[in-house]
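S.K.: I have a structure I would like to understand better, so I am pasting it below and will then ask my questions one at a time.
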Amino acid sequence: MKKFDTVIIGGGIGGLMAAYRLRQKSPDMTIIVTERGNELNRRVCPASKNNTCVHCKVCSITSGFAGAGAFSDGKFNLGTAYGGTLGEELGDDVANLYINEVDKILVEYCTSGVPKVYESNDELRLKCIQNNLRLLDMNVKHLGTDNNYVTMQNLINAIRESGTELCSFYDCEKIEKSGDGYVAYYTNGEAIECKNVIIATGRSGANFVSSFCRANDVKMRSNHIDIGVRVEMKDIIWREFSSKIYEPKILYKTKTFEDRCRMFCFNQGGLVSAENNHGIITANGHSYAQPEKKTDNCNFAILSSIRFTEPFNQPTEYAENISRLANMIGKNNVLVQRFGDLIRGRRTNEHRLSQNTVIPTLKATAGDISLVLPHRILTNIIETIYALDKVAPGTANDDTLLYGCESKYYSIRPEFMNKNFELIDNVYIIGDGSGICRGLSQSGAMGIYVADCIAQK
Ligand SMILES: Cc1cc2nc3c(=O)[nH]c(=O)nc-3n(C[C@H](O)[C@H](O)[C@H](O)COP(=O)(O)OP(=O)(O)OC[C@H]3O[C@@H](n4cnc5c(N)ncnc54)[C@H](O)[C@@H]3O)c2cc1C
């Protein structure tokens with residue numbers, strides 16, 4: 001059986017940053033990063049050829065070295081205003097310190113250009129306030145999909161060259177106590193003995209985290225879920241915002257239900273993408289930094305937040321079932337509907353879609369999202385689109401496209417033993433899988449923070 005001091009499960013930004021920092025702080029430590037998916041340079045999504053998801057067993061978009069962020073737009077939040085609650089856990093000063101550390105490391109390995117930093121903007125914030133919208137504002141660094149990829153590949157190479165082992169196609173099924181340490185068991189038949197475990201399995205590892213917590217009596221808090229649609233329209237409609245702050249993130253309290261709806265994950269000149277989460281196909285989006293790869297469109301998510309109360313405690317399953325319904329109607333694909341058709345109570349069909357002025361960047365199934373989304377969620381989304389139309393006229397155009405569904409689950413939030421994010425002795429959890437982070441900067445920061453805790457022990 002292989003033996004290491006520290007096993008890191010998951011090779012996304014959280015796991016990689018933890019590995020990088022542990023090597024710096026504990027040069028003699030033996031470290032292995034085990035990843036369910038493929039090497040970064042072998043991660044190929046078949047949908048890139050024909051824009052249709054073919055349901056791979058392990059999704060190359062969300063799994064593999066560099067994690068869910070590998071093909072992302074590489075928007076790096078330089079603060080704690082959104083993208084997770086690490087600021088609440090550690091205090092903003094400490095969290096920001098660690099976010100800056102991640103940024104420094106990424107700058108070191110970003111060899112393909114200097115990313116642009118977009119600063120917050122008072123004028124736009126005021127315009128939003130005057131229309132009952134709240135613009136979430138902080139400085140954001142934009143790497144772009146291509147620079148982000150190069151940076152992550154350079155970082156992975158550096159970690160490997162430093163003596164840390166990185167293994168792909170190591171899907172961890174369980175961790176068991178053994179003597180003073182643990183054994184991690186993998187579906188490929190391998191087992192690794194170790195002292196410390198860092199669980200860095202991201203959103204795609206939610207089931208792994210919950211079964212670990214159940215097996216070890218770690219309490220889990222039920223978080224909220226966000227569910228809604230990916231919205232696509234002509235890029236020019238949001239250019240006033242995107243040229244000044246790059247990524248508008250806007251909150252709206254809906255009139256009918258007084259629910260919180262948010263517009264976020266904005267991609268200027270971007271593409272809508274499909275993502276396979278354990279066989280459920282959902283919408284997402286990204287964009288390239290290179291001008292020649294830009295489209296005429298922009299896209300963003302509008303998600304309605306739902307926090308369930310007693311006795312219901314399966315928010316993830318709820319969101320998955322809604323997405324499954326969209327896949328059922330869409331014949332194993334995401335649905336797309338024109339906003340004008342939705343408002344008129346009719347489905348979008350191929351003919352109407354072919355006449356649309358906004359050309360879809362994802363081959364989704366033309367249909368009717370009102371047959372999928374519950375009334376409350378749909379009402380929230382429609383109201384939010386009209387509210388956004390006041391600050392970016394054209395958002396509520398008939399030809400605006402809505403792709404359903406998109407959802408973000410943060411439902412598993414284990415209770416930690418201490419401020420080191422330890423679940424049980426020497427087993428730590430970081431990144432999106434901890435229920436705390438929702439972005440690259442905080443996931444990376446949590447990885448470095450936990451590495452420091454281990455190194456100081
Ligand atoms: C399309 C897309 C675009 C995004 N764009 C941005 C953006 O621009 N800016 C931003 O800040 N955030 C963005 N995000 C979110 C960001 O990617 C995540 O917040 C971040 O990747 C979380 O890092 P992580 O290391 O915690 O988890 P992940 O990056 O999800 O990595 C976890 C890894 O663990 C592996 N894994 C899971 N279970 C197991 C197991 N049992 N055994 C072994 N390995 C396992 C997975 O395969 C995965 O590679 C985007 C996400 C997506 C999907």
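We label chains A, B, ... in the order they appear in the structure tokens, count residues from 1 in each chain, and number ligands from 1 in the order shown.
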List as a ChimeraX atom specification the protein and nucleic acid residues near Phe76 of chain A, meaning an atom at most 10 Å away when only C-alpha atoms are counted, but skip any in the same chain fewer than 6 places from it.

M.R.: /A:83,99,102-103,106,115,117,139-144,148,439-442

S.K.: Write the residues of the preceding selection, restricted to N, CA and C atoms, as a PDB file, in the first residue's frame.

M.R.:
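Saved file selection.pdb follows:
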ATOM      1  N   GLY A  83     -18.779  35.282  -3.587  1.00  0.00           N
ATOM      2  CA  GLY A  83     -17.914  34.130  -3.904  1.00  0.00           C
ATOM      3  C   GLY A  83     -17.653  33.267  -2.687  1.00  0.00           C
ATOM      4  N   ILE A  99      -6.483  35.520   0.150  1.00  0.00           N
ATOM      5  CA  ILE A  99      -6.864  35.729  -1.262  1.00  0.00           C
ATOM      6  C   ILE A  99      -5.694  36.383  -2.015  1.00  0.00           C
ATOM      7  N   VAL A 102      -3.124  33.784  -2.921  1.00  0.00           N
ATOM      8  CA  VAL A 102      -3.502  33.011  -4.116  1.00  0.00           C
ATOM      9  C   VAL A 102      -3.191  33.846  -5.360  1.00  0.00           C
ATOM     10  N   ASP A 103      -3.565  35.115  -5.301  1.00  0.00           N
ATOM     11  CA  ASP A 103      -3.341  36.006  -6.444  1.00  0.00           C
ATOM     12  C   ASP A 103      -1.850  36.061  -6.793  1.00  0.00           C
ATOM     13  N   LEU A 106      -0.835  32.933  -8.574  1.00  0.00           N
ATOM     14  CA  LEU A 106      -1.352  32.893  -9.949  1.00  0.00           C
ATOM     15  C   LEU A 106      -0.580  33.861 -10.855  1.00  0.00           C
ATOM     16  N   PRO A 115      -3.264  40.054 -16.741  1.00  0.00           N
ATOM     17  CA  PRO A 115      -4.730  40.176 -16.699  1.00  0.00           C
ATOM     18  C   PRO A 115      -5.164  41.585 -16.305  1.00  0.00           C
ATOM     19  N   VAL A 117      -7.452  44.379 -14.411  1.00  0.00           N
ATOM     20  CA  VAL A 117      -8.223  44.494 -13.167  1.00  0.00           C
ATOM     21  C   VAL A 117      -9.325  45.530 -13.374  1.00  0.00           C
ATOM     22  N   ASN A 139     -13.157  44.727  -6.651  1.00  0.00           N
ATOM     23  CA  ASN A 139     -12.214  44.635  -7.764  1.00  0.00           C
ATOM     24  C   ASN A 139     -12.132  43.192  -8.243  1.00  0.00           C
ATOM     25  N   VAL A 140     -12.127  43.032  -9.564  1.00  0.00           N
ATOM     26  CA  VAL A 140     -12.081  41.685 -10.155  1.00  0.00           C
ATOM     27  C   VAL A 140     -10.971  41.645 -11.195  1.00  0.00           C
ATOM     28  N   LYS A 141     -10.173  40.586 -11.119  1.00  0.00           N
ATOM     29  CA  LYS A 141      -9.124  40.403 -12.121  1.00  0.00           C
ATOM     30  C   LYS A 141      -9.632  39.396 -13.143  1.00  0.00           C
ATOM     31  N   HIS A 142      -9.489  39.713 -14.417  1.00  0.00           N
ATOM     32  CA  HIS A 142     -10.002  38.812 -15.446  1.00  0.00           C
ATOM     33  C   HIS A 142      -8.853  38.141 -16.190  1.00  0.00           C
ATOM     34  N   LEU A 143      -8.725  36.825 -15.988  1.00  0.00           N
ATOM     35  CA  LEU A 143      -7.679  36.088 -16.700  1.00  0.00           C
ATOM     36  C   LEU A 143      -8.165  35.658 -18.080  1.00  0.00           C
ATOM     37  N   GLY A 144      -9.456  35.276 -18.170  1.00  0.00           N
ATOM     38  CA  GLY A 144      -9.976  34.704 -19.431  1.00  0.00           C
ATOM     39  C   GLY A 144      -9.690  33.213 -19.450  1.00  0.00           C
ATOM     40  N   ASN A 148      -6.236  31.512 -17.987  1.00  0.00           N
ATOM     41  CA  ASN A 148      -6.498  30.722 -16.788  1.00  0.00           C
ATOM     42  C   ASN A 148      -5.959  29.298 -16.988  1.00  0.00           C
ATOM     43  N   GLY A 439     -16.124  30.132  -5.399  1.00  0.00           N
ATOM     44  CA  GLY A 439     -15.330  30.769  -6.448  1.00  0.00           C
ATOM     45  C   GLY A 439     -13.870  30.398  -6.318  1.00  0.00           C
ATOM     46  N   LEU A 440     -13.103  30.798  -7.320  1.00  0.00           N
ATOM     47  CA  LEU A 440     -11.696  30.420  -7.383  1.00  0.00           C
ATOM     48  C   LEU A 440     -10.888  31.019  -6.236  1.00  0.00           C
ATOM     49  N   SER A 441     -11.100  32.313  -5.968  1.00  0.00           N
ATOM     50  CA  SER A 441     -10.203  32.976  -5.022  1.00  0.00           C
ATOM     51  C   SER A 441     -10.391  32.449  -3.601  1.00  0.00           C
ATOM     52  N   GLN A 442     -11.654  32.280  -3.166  1.00  0.00           N
ATOM     53  CA  GLN A 442     -11.859  31.806  -1.785  1.00  0.00           C
ATOM     54  C   GLN A 442     -11.499  30.328  -1.647  1.00  0.00           C
TER      55      GLN A 442
END

S.K.: Check every protein, DNA and RNA residue against ligand 1, keep those with an atom at most 6 Å away (counting only C-alpha atoms and all ligand atoms), and present them as a PyMOL selection string.

M.R.: chain A and resi 9-15+34-37+62-65+67-69+72-76+170-173+200-205+208+284-286+431-433+438-441+443

S.K.: Restricting it to C-alpha atoms, dump the selection as a short mmCIF file (atom, residue, chain, number, x, y, z; two decimals), in the first residue's frame.

M.R.:
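And here is the file that came out, selection.cif:
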data_model
loop_
_atom_site.label_atom_id
_atom_site.label_comp_id
_atom_site.auth_asym_id
_atom_site.auth_seq_id
_atom_site.Cartn_x
_atom_site.Cartn_y
_atom_site.Cartn_z
CA ILE A 9 -8.53 14.39 -2.54
CA GLY A 10 -9.47 16.56 -5.51
CA GLY A 11 -7.18 18.51 -7.85
CA GLY A 12 -9.15 21.76 -8.28
CA ILE A 13 -7.76 25.15 -7.26
CA GLY A 14 -8.34 24.37 -3.56
CA GLY A 15 -6.40 21.10 -3.63
CA THR A 34 -5.54 12.29 -6.13
CA GLU A 35 -8.06 13.37 -8.75
CA ARG A 36 -11.14 11.56 -10.07
CA GLY A 37 -10.78 13.07 -13.55
CA THR A 62 -16.16 19.83 -14.05
CA SER A 63 -13.63 17.08 -13.24
CA GLY A 64 -9.91 16.63 -13.75
CA PHE A 65 -6.82 18.54 -12.68
CA GLY A 67 -11.13 21.29 -11.27
CA ALA A 68 -14.37 22.99 -12.21
CA GLY A 69 -12.47 26.22 -12.86
CA SER A 72 -13.86 28.92 -16.59
CA ASP A 73 -13.63 32.55 -17.50
CA GLY A 74 -10.95 32.98 -14.86
CA LYS A 75 -12.62 35.86 -13.04
CA PHE A 76 -10.66 36.26 -9.88
CA TYR A 170 -8.15 8.20 -8.61
CA ASP A 171 -11.78 8.39 -7.54
CA CYS A 172 -11.88 8.20 -3.75
CA GLU A 173 -14.81 6.15 -2.47
CA ALA A 200 -11.02 19.23 -1.76
CA THR A 201 -13.68 17.58 -3.85
CA GLY A 202 -15.62 20.69 -4.94
CA ARG A 203 -19.29 20.73 -5.85
CA SER A 204 -19.04 17.52 -7.88
CA GLY A 205 -17.90 15.71 -4.72
CA PHE A 208 -18.57 11.97 -1.18
CA ASN A 284 -23.42 27.48 -17.48
CA GLY A 285 -21.31 29.99 -19.37
CA HIS A 286 -17.79 31.19 -20.08
CA GLY A 431 -13.11 24.82 -1.23
CA ASP A 432 -16.59 24.59 -2.74
CA GLY A 433 -17.19 21.20 -1.12
CA ARG A 438 -18.22 29.61 -4.36
CA GLY A 439 -15.33 30.77 -6.45
CA LEU A 440 -11.70 30.42 -7.38
CA SER A 441 -10.20 32.98 -5.02
CA SER A 443 -11.38 28.09 -2.63
#

S.K.: Let me make sure I understand: among A:Leu166, A:Asn196, A:Val372, A:Thr151, which one has the smallest atom-to-atom distance to Ser178 of chain A if we use only C-alpha atoms?

M.R.: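 Checking each of A:Leu166, A:Asn196, A:Val372, A:Thr151 against Ser178 of chain A, counting only C-alpha atoms, the winner is A:Asn196.
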
S.K.: Determine which residues of segment 155-226 of chain A receive a DSSP assignment of strand (DSSP E), computed from the backbone, and state them as a ChimeraX atom specification.

M.R.: /A:165-167,172-178,181-186,191-199,220-222,225-226

S.K.: Measuring between only C-alpha atoms, which one of A:Cys59, A:Ile245, A:Val150, A:Ala47 shows the shortest distance to Asn77 of chain A?

M.R.: A:Ile245

S.K.: Can you tell me, as a PDB file with C-alpha atoms, in the first residue's frame, what residues are no more than 9 Å from Leu342 of chain A when counting only C-alpha atoms, ignoring any on the same chain fewer than 6 positions away?

M.R.:
ATOM      1  CA  THR A 348     -40.089  28.118 -28.493  1.00  0.00           C
ATOM      2  CA  ASP A 368     -40.900  25.756 -22.646  1.00  0.00           C
ATOM      3  CA  ILE A 369     -39.209  26.364 -19.293  1.00  0.00           C
ATOM      4  CA  SER A 370     -42.549  27.251 -17.689  1.00  0.00           C
ATOM      5  CA  ASP A 398     -38.432  39.177 -26.895  1.00  0.00           C
TER       6      ASP A 398
END

S.K.: Just want the 8 Å neighbourhood of segment 257-261 of chain A, counted on only C-alpha atoms, with same-chain residues fewer than 3 positions away dropped. Output as a PyMOL selection string.

M.R.: chain A and resi 251-254+302-306+376+380-381+384

S.K.: Go ahead and save the residues from that selection, with C-alpha atoms, as a PDB file, in the first residue's frame.

M.R.:
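For reference, selection-v1.pdb as written:
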ATOM      1  CA  LEU A 251     -29.233  41.439  -6.317  1.00  0.00           C
ATOM      2  CA  TYR A 252     -32.969  42.017  -6.568  1.00  0.00           C
ATOM      3  CA  LYS A 253     -35.705  41.497  -3.992  1.00  0.00           C
ATOM      4  CA  THR A 254     -38.708  40.349  -6.009  1.00  0.00           C
ATOM      5  CA  ILE A 302     -30.381  34.600 -12.933  1.00  0.00           C
ATOM      6  CA  LEU A 303     -30.968  32.395  -9.943  1.00  0.00           C
ATOM      7  CA  SER A 304     -33.639  32.473  -7.283  1.00  0.00           C
ATOM      8  CA  SER A 305     -32.461  31.578  -3.754  1.00  0.00           C
ATOM      9  CA  ILE A 306     -34.510  29.143  -1.730  1.00  0.00           C
ATOM     10  CA  ARG A 376     -42.495  30.980  -7.563  1.00  0.00           C
ATOM     11  CA  ASN A 380     -38.936  35.671  -9.526  1.00  0.00           C
ATOM     12  CA  ILE A 381     -36.919  35.273 -12.725  1.00  0.00           C
ATOM     13  CA  THR A 384     -35.774  40.183 -12.163  1.00  0.00           C
TER      14      THR A 384
END

S.K.: Per DSSP on the backbone, filter segment 34-151 of chain A down to the residues in alpha helix (DSSP H) and report them as JSON, numbers by chain.

M.R.: {"A": [47, 48, 49, 50, 86, 87, 88, 89, 90, 92, 93, 94, 95, 96, 97, 98, 99, 100, 101, 102, 103, 104, 105, 106, 107, 108, 109, 122, 123, 124, 125, 126, 127, 128, 129, 144, 145, 146, 147, 148, 149, 150, 151]}

S.K.: Taking only C-alpha atoms into account, name the residue in A:Lys174, A:Gln290, A:Tyr185, A:Glu275 that is nearest to Ser112 of chain A.

M.R.: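 Comparing A:Lys174, A:Gln290, A:Tyr185, A:Glu275 against Ser112 of chain A, the winner is A:Gln290.
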